[in-house]
Amino acid sequence: VQLQASGGGLVQAGGSLRLSCVASGSIFRINLMGWYRQAPGKQRELVATMFSNDSPSYADSVRGRFFISRDNAKNTVYLQMNSLKPEDTAVYYCHLQQIGTPYWGQGTLVTVSS
């Protein structure tokens, strides 16, 4: 399984970005797709995830500003990020679980300037 993320970039505080991640390869039963992030000098943390039943889960720091969605027909997960803050600056990683096996994308950099 391969994950290809896109959509990162440089944005001013208060702006918006939309991340996309497409899964390819041996896809047959995706249980969960989502996003994690890792800021410089910090551990990787959960941002948002969505199970196959479309139940989303968000980190407290992004709830109400970020919105996750999935297109199961396209094996794609999106992250709409609104009202971005400088503390949202990080490398964002796409994540997928298929029958208990985790997979990670290569990461896309999001930089929010103040």
# chains A, B, ... in the order shown; residues from 1 in each chain; ligands from 1

$ select_by_dssp --residues "region 41-105 of chain A" --states "helix (DSSP H, G or I)" --output "PDB file with N, CA, C and O atoms, in the first residue's frame"
ATOM      1  N   ASN A  72     -14.408   7.003  -0.290  1.00  0.00           N
ATOM      2  CA  ASN A  72     -14.032   5.594  -0.268  1.00  0.00           C
ATOM      3  C   ASN A  72     -13.872   5.022  -1.678  1.00  0.00           C
ATOM      4  O   ASN A  72     -13.050   4.133  -1.896  1.00  0.00           O
ATOM      5  N   ALA A  73     -14.631   5.542  -2.615  1.00  0.00           N
ATOM      6  CA  ALA A  73     -14.529   5.053  -3.991  1.00  0.00           C
ATOM      7  C   ALA A  73     -13.175   5.386  -4.605  1.00  0.00           C
ATOM      8  O   ALA A  73     -12.685   4.669  -5.477  1.00  0.00           O
ATOM      9  N   LYS A  74     -12.561   6.454  -4.122  1.00  0.00           N
ATOM     10  CA  LYS A  74     -11.263   6.883  -4.638  1.00  0.00           C
ATOM     11  C   LYS A  74     -10.119   6.571  -3.672  1.00  0.00           C
ATOM     12  O   LYS A  74      -8.976   6.957  -3.932  1.00  0.00           O
ATOM     13  N   PRO A  86       0.036  29.749  13.499  1.00  0.00           N
ATOM     14  CA  PRO A  86       1.458  29.406  13.380  1.00  0.00           C
ATOM     15  C   PRO A  86       1.799  28.077  14.057  1.00  0.00           C
ATOM     16  O   PRO A  86       2.663  27.338  13.576  1.00  0.00           O
ATOM     17  N   GLU A  87       1.092  27.755  15.143  1.00  0.00           N
ATOM     18  CA  GLU A  87       1.373  26.492  15.836  1.00  0.00           C
ATOM     19  C   GLU A  87       0.889  25.265  15.073  1.00  0.00           C
ATOM     20  O   GLU A  87       1.153  24.134  15.486  1.00  0.00           O
ATOM     21  N   ASP A  88       0.200  25.476  13.964  1.00  0.00           N
ATOM     22  CA  ASP A  88      -0.179  24.363  13.094  1.00  0.00           C
ATOM     23  C   ASP A  88       0.958  23.982  12.142  1.00  0.00           C
ATOM     24  O   ASP A  88       0.845  22.989  11.412  1.00  0.00           O
TER      25      ASP A  88
END

$ residues_around --residues "Pro102 (chain A)" --least-positions-apart "4" --cutoff "12 Å" --atoms "only C-alpha atoms" --output "NGL selection string"
:A and (1-3 or 30-34 or 94-98)

$ write_last_selection --atoms "C-alpha atoms" --output "compact mmCIF listing (two decimals), in the first residue's frame"
# COMPACT_ATOMS: atom_id res chain seq x y z
CA VAL A 1 0.00 0.00 0.00
CA GLN A 2 1.31 3.42 -0.95
CA LEU A 3 0.05 6.77 0.28
CA ILE A 30 -9.44 0.13 4.79
CA ASN A 31 -10.53 0.43 8.40
CA LEU A 32 -9.21 3.88 9.16
CA MET A 33 -7.67 6.83 7.34
CA GLY A 34 -6.39 10.00 8.87
CA CYS A 94 -1.30 10.59 5.94
CA HIS A 95 -2.12 7.41 7.83
CA LEU A 96 -4.09 4.31 6.93
CA GLN A 97 -4.95 1.10 8.72
CA GLN A 98 -5.99 -2.00 6.82

$ closest_residue --among "A:Ala5, A:Val11, A:Val110, A:Tyr58" --to "Glu45 (chain A)" --atoms "only C-alpha atoms"
A:Tyr58

$ select_by_dssp --residues "chain A" --states "strand (DSSP E or B)" --output "PyMOL selection string"
chain A and resi 2-6+9-12+17-24+30-38+45-51+56-58+63+66-71+76-81+90-98+101-104+108-113

$ write_last_selection --atoms "C-alpha atoms" --output "compact mmCIF listing (two decimals), in the first residue's frame"
# COMPACT_ATOMS: atom_id res chain seq x y z
CA GLN A 2 1.31 3.42 -0.95
CA LEU A 3 0.05 6.77 0.28
CA GLN A 4 0.59 9.97 -1.68
CA ALA A 5 -0.15 13.20 0.15
CA SER A 6 -0.42 16.64 -1.40
CA GLY A 9 2.41 24.86 1.45
CA LEU A 10 2.92 28.28 2.95
CA VAL A 11 -0.09 30.21 4.19
CA GLN A 12 -0.67 33.23 6.39
CA LEU A 17 -5.37 24.74 3.09
CA ARG A 18 -6.75 21.42 1.93
CA LEU A 19 -4.64 18.30 2.13
CA SER A 20 -5.35 15.20 0.07
CA CYS A 21 -4.02 11.68 0.36
CA VAL A 22 -4.57 8.91 -2.15
CA ALA A 23 -4.01 5.28 -1.27
CA SER A 24 -2.97 2.80 -3.95
CA ILE A 30 -9.44 0.13 4.79
CA ASN A 31 -10.53 0.43 8.40
CA LEU A 32 -9.21 3.88 9.16
CA MET A 33 -7.67 6.83 7.34
CA GLY A 34 -6.39 10.00 8.87
CA TRP A 35 -3.74 12.59 9.47
CA TYR A 36 -0.95 13.05 11.97
CA ARG A 37 1.56 15.88 12.20
CA GLN A 38 5.03 16.45 13.54
CA GLU A 45 0.64 13.67 17.09
CA LEU A 46 -2.82 12.76 15.90
CA VAL A 47 -4.71 15.46 14.02
CA ALA A 48 -7.83 13.73 12.73
CA THR A 49 -8.95 10.24 11.83
CA MET A 50 -12.01 8.70 10.30
CA PHE A 51 -13.12 5.09 10.51
CA PRO A 56 -14.42 11.38 12.72
CA SER A 57 -12.11 12.05 15.62
CA TYR A 58 -10.14 15.24 16.16
CA ARG A 63 -11.48 20.68 16.59
CA PHE A 66 -10.07 21.23 10.72
CA PHE A 67 -12.43 18.84 8.99
CA ILE A 68 -11.64 15.36 7.72
CA SER A 69 -13.52 13.60 4.95
CA ARG A 70 -13.14 10.45 2.89
CA ASP A 71 -14.00 9.35 -0.62
CA THR A 76 -8.77 9.22 -0.69
CA VAL A 77 -8.84 11.16 2.55
CA TYR A 78 -8.94 14.95 2.81
CA LEU A 79 -8.15 17.42 5.54
CA GLN A 80 -9.70 20.86 5.24
CA MET A 81 -7.74 23.21 7.49
CA ALA A 90 4.34 20.88 10.86
CA VAL A 91 4.87 18.03 8.47
CA TYR A 92 1.50 16.37 8.00
CA TYR A 93 1.46 12.63 7.48
CA CYS A 94 -1.30 10.59 5.94
CA HIS A 95 -2.12 7.41 7.83
CA LEU A 96 -4.09 4.31 6.93
CA GLN A 97 -4.95 1.10 8.72
CA GLN A 98 -5.99 -2.00 6.82
CA THR A 101 -1.68 -3.01 9.61
CA PRO A 102 -0.60 0.65 9.64
CA TYR A 103 0.75 2.54 6.65
CA TRP A 104 2.23 6.04 6.42
CA THR A 108 3.61 17.20 3.31
CA LEU A 109 4.89 20.41 4.89
CA VAL A 110 2.46 23.03 6.11
CA THR A 111 3.95 26.36 7.15
CA VAL A 112 1.76 29.04 8.72
CA SER A 113 3.30 32.50 8.93

$ atom_distance --atom1 "CA of Leu84 (chain A)" --atom2 "CA of Gly15 (chain A)"
5.5 Å

$ atom_distance --atom1 "CA of Ala39 (chain A)" --atom2 "CA of Thr89 (chain A)"
6.4 Å

$ atom_distance --atom1 "CA of Gln106 (chain A)" --atom2 "CA of Gly41 (chain A)"
18.1 Å
